[in-house]
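Worksheet: the structure to be examined is printed underneath.
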Amino acid sequence: MSRPAHRRPEYHKINKDLFVLTYGALVAQLCKDYEKDEDVNKYLDKIPHPFLHHRGYGIGTRLVEDFLARSCVRRCHSYSEIIDIIAQVAFKMYLGITPSVTCNNSSRTEFSLILDKNPLVEFVEELPAGRSSLCYCNLLCGIIRGALEMVHLAADVTFLQDTLKGDRVTEIGITFLKKLDEKKYRRKK
């Protein structure tokens with residue numbers, strides 16, 4: 001017997017809310033365990049996947065397999081296409097939002113994802129006292145970088161703006177470090 005289609009959004013919301021609350025508890029515990037914000041930020045960026053025994057694999061490296069299996073995306077031929085897939089498909093699939101995308105340079109290797117609403121801070125009013133250097137959502141940067149590395153794309157991923165630090169929006173900067181070999185991706189005629 002199949003479940004009614006109308007229950008799926010409720011199920012997704014429950015899972016997202018549980019994830020957000022669990023993530024908040026993790027960040028709070030890390031703030032107790034680590035004295036320096038830089039150490040918390042580094043841990044959030046490199047969180048190992050709980051089901052992988054090899055250290056150094058992050059959630060993003062495992063998440064990309066799930067993403068590629070569940071989505072019907074085709075091979076991308078440019079960084080612009082990759083960023084659009086991340087924003088319009090991956091963020092929507094896993095966080096229920098669609099960030100806007102801006103290109104930050106003429107060589108089309110630097111982009112920003114602009115989140116008007118950040119689900120990870122839905123239940124957070126402000127950063128913990130004395131933690132002004134904390135990058136609360138650094139998990140997102142690690143996930144994006146790990147996923148890109150799994151499809152052989154090196155990128156620098158950092159927060160450029162953060163609503164928890166008084167900015168109007170959350171902005172994630174993505175700079176691709178290695179140029180795509182366009183010849184490799186052209187269709188053969």
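Labels used: A, B, ... for chains in the order of the structure tokens, numbers from 1 for residues in each chain, and numbers from 1 for ligands as shown.
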Per-residue DSSP, stretch 34-175 of chain A, filtered to strand (DSSP E or B), as a ChimeraX atom specification: /A:48,58,100-103,110-115,155-161,170-175
Would you mind listing what lies within 10 Å of A:Thr158 as a short mmCIF file (atom, residue, chain, number, x, y, z; two decimals) with N, CA and C atoms, in the first residue's frame, with only C-alpha atoms counted and same-chain residues fewer than 2 positions away left out?
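Output below, filename out_27.cif:
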data_model
loop_
_atom_site.label_atom_id
_atom_site.label_comp_id
_atom_site.auth_asym_id
_atom_site.auth_seq_id
_atom_site.Cartn_x
_atom_site.Cartn_y
_atom_site.Cartn_z
N ASP A 45 33.36 22.15 9.33
CA ASP A 45 33.70 22.04 7.92
C ASP A 45 34.09 20.62 7.54
N SER A 112 28.25 33.18 -6.02
CA SER A 112 27.69 33.28 -4.69
C SER A 112 26.31 32.66 -4.68
N CYS A 135 31.51 30.41 12.84
CA CYS A 135 30.78 30.30 11.58
C CYS A 135 29.79 29.15 11.77
N ASN A 138 29.00 26.50 9.05
CA ASN A 138 30.15 26.08 8.25
C ASN A 138 29.98 24.67 7.69
N LEU A 140 27.64 23.71 5.85
CA LEU A 140 27.23 23.86 4.45
C LEU A 140 28.43 23.99 3.52
N CYS A 141 29.44 24.75 3.95
CA CYS A 141 30.64 24.90 3.12
C CYS A 141 31.34 23.56 2.94
N GLY A 142 31.46 22.81 4.03
CA GLY A 142 32.10 21.49 3.94
C GLY A 142 31.34 20.53 3.06
N ILE A 144 29.29 21.29 0.51
CA ILE A 144 29.42 21.69 -0.90
C ILE A 144 30.81 21.32 -1.43
N ARG A 145 31.86 21.65 -0.67
CA ARG A 145 33.22 21.35 -1.12
C ARG A 145 33.43 19.84 -1.25
N ALA A 155 37.23 23.27 -5.19
CA ALA A 155 36.63 24.58 -4.99
C ALA A 155 36.92 25.09 -3.59
N ASP A 156 37.01 26.39 -3.48
CA ASP A 156 37.11 27.06 -2.19
C ASP A 156 35.69 27.53 -1.86
N LEU A 160 30.49 34.48 2.99
CA LEU A 160 30.81 35.88 2.74
C LEU A 160 29.93 36.81 3.57
N GLN A 161 28.70 36.37 3.84
CA GLN A 161 27.77 37.11 4.69
C GLN A 161 27.02 36.09 5.55
N GLU A 171 25.34 34.49 2.56
CA GLU A 171 25.97 34.36 1.25
C GLU A 171 27.13 33.39 1.34
N ILE A 172 27.09 32.38 0.50
CA ILE A 172 28.16 31.39 0.43
C ILE A 172 28.91 31.63 -0.87
N GLY A 173 30.21 31.87 -0.77
CA GLY A 173 31.05 32.08 -1.95
C GLY A 173 31.68 30.77 -2.39
N ILE A 174 31.62 30.50 -3.68
CA ILE A 174 32.22 29.29 -4.25
C ILE A 174 33.15 29.72 -5.37
N THR A 175 34.43 29.39 -5.22
CA THR A 175 35.42 29.69 -6.24
C THR A 175 35.99 28.37 -6.74
#
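Minimum atom-to-atom distances from A:Leu120, A:Cys72, A:Ala129, A:Leu177 to A:Ile97 were compared using only C-alpha atoms, and the lowest value belongs to A:Leu120.
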A:Thr61 environment, 8 Å, only C-alpha atoms, sequence neighbours closer than 5 positions dropped, as a list of chain:residue names: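 Using only C-alpha atoms, the neighbours found are A:Ile143, A:Gly146, A:Ala147, A:Leu148, A:Glu149, A:Met150.
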Residues near A:Val101, cut-off 9 Å, only C-alpha atoms, skip fewer than 5 positions along chain, as a ChimeraX atom specification: /A:83-84,87,111-114
Output file for the residues above (C-alpha atoms, as an mmCIF file, in the first residue's frame):
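out39.cif written:
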data_model
loop_
_atom_site.group_PDB
_atom_site.id
_atom_site.type_symbol
_atom_site.label_atom_id
_atom_site.label_comp_id
_atom_site.auth_asym_id
_atom_site.auth_seq_id
_atom_site.Cartn_x
_atom_site.Cartn_y
_atom_site.Cartn_z
ATOM 1 C CA ILE A 83 26.032 26.208 -9.513
ATOM 2 C CA ASP A 84 22.474 26.237 -10.877
ATOM 3 C CA ALA A 87 21.009 25.986 -5.970
ATOM 4 C CA PHE A 111 29.850 32.472 -7.674
ATOM 5 C CA SER A 112 27.688 33.278 -4.687
ATOM 6 C CA LEU A 113 24.674 31.456 -3.343
ATOM 7 C CA ILE A 114 22.384 33.972 -1.630
#
Hey, what's within 8 Å of A:Leu127 if we count only C-alpha atoms and toss same-chain stuff fewer than 3 positions away? As a tab-separated table (two decimals) with all heavy atoms, in the first residue's frame, please?
chain	number	residue	atom	x	y	z
A	124	VAL	N	17.70	29.70	15.83
A	124	VAL	CA	18.82	30.38	16.47
A	124	VAL	C	18.60	31.89	16.40
A	124	VAL	O	18.39	32.42	15.32
A	124	VAL	CB	20.16	30.02	15.78
A	124	VAL	CG1	21.32	30.72	16.46
A	124	VAL	CG2	20.36	28.52	15.77
A	131	ARG	N	31.44	34.32	21.09
A	131	ARG	CA	31.74	33.48	19.94
A	131	ARG	C	31.53	34.23	18.62
A	131	ARG	O	30.97	33.71	17.67
A	131	ARG	CB	30.86	32.22	19.95
A	131	ARG	CG	31.09	31.29	21.10
A	131	ARG	CD	32.42	30.59	20.90
A	131	ARG	NE	32.60	29.53	21.88
A	131	ARG	CZ	33.45	28.55	21.75
A	131	ARG	NH1	34.21	28.47	20.68
A	131	ARG	NH2	33.59	27.66	22.68
A	132	SER	N	32.04	35.44	18.53
A	132	SER	CA	31.81	36.27	17.35
A	132	SER	C	32.49	35.74	16.09
A	132	SER	O	32.09	36.08	14.98
A	132	SER	CB	32.26	37.71	17.62
A	132	SER	OG	33.64	37.74	17.91
A	134	LEU	N	32.61	32.53	15.36
A	134	LEU	CA	31.99	31.25	15.03
A	134	LEU	C	31.26	31.34	13.70
A	134	LEU	O	30.49	32.27	13.47
A	134	LEU	CB	31.02	30.84	16.14
A	134	LEU	CG	30.24	29.54	15.92
A	134	LEU	CD1	31.20	28.35	15.93
A	134	LEU	CD2	29.18	29.37	16.99
A	136	TYR	N	28.64	29.48	12.32
A	136	TYR	CA	27.65	28.51	12.79
A	136	TYR	C	27.27	27.51	11.70
A	136	TYR	O	27.10	26.32	11.96
A	136	TYR	CB	26.40	29.26	13.28
A	136	TYR	CG	25.33	28.37	13.85
A	136	TYR	CD1	25.36	28.00	15.19
A	136	TYR	CD2	24.29	27.89	13.06
A	136	TYR	CE1	24.38	27.18	15.73
A	136	TYR	CE2	23.31	27.07	13.57
A	136	TYR	CZ	23.36	26.72	14.91
A	136	TYR	OH	22.38	25.90	15.43
A	164	LEU	N	23.48	35.66	11.12
A	164	LEU	CA	23.79	35.60	12.56
A	164	LEU	C	24.84	36.63	12.97
A	164	LEU	O	25.04	36.87	14.15
A	164	LEU	CB	24.26	34.20	12.96
A	164	LEU	CG	23.19	33.12	12.96
A	164	LEU	CD1	23.80	31.76	13.32
A	164	LEU	CD2	22.06	33.47	13.93
A	165	LYS	N	25.50	37.23	11.99
A	165	LYS	CA	26.50	38.27	12.26
A	165	LYS	C	26.00	39.64	11.84
A	165	LYS	O	26.77	40.56	11.66
A	165	LYS	CB	27.82	37.92	11.58
A	165	LYS	CG	28.43	36.65	12.16
A	165	LYS	CD	29.76	36.33	11.55
A	165	LYS	CE	30.30	35.08	12.22
A	165	LYS	NZ	31.62	34.72	11.76
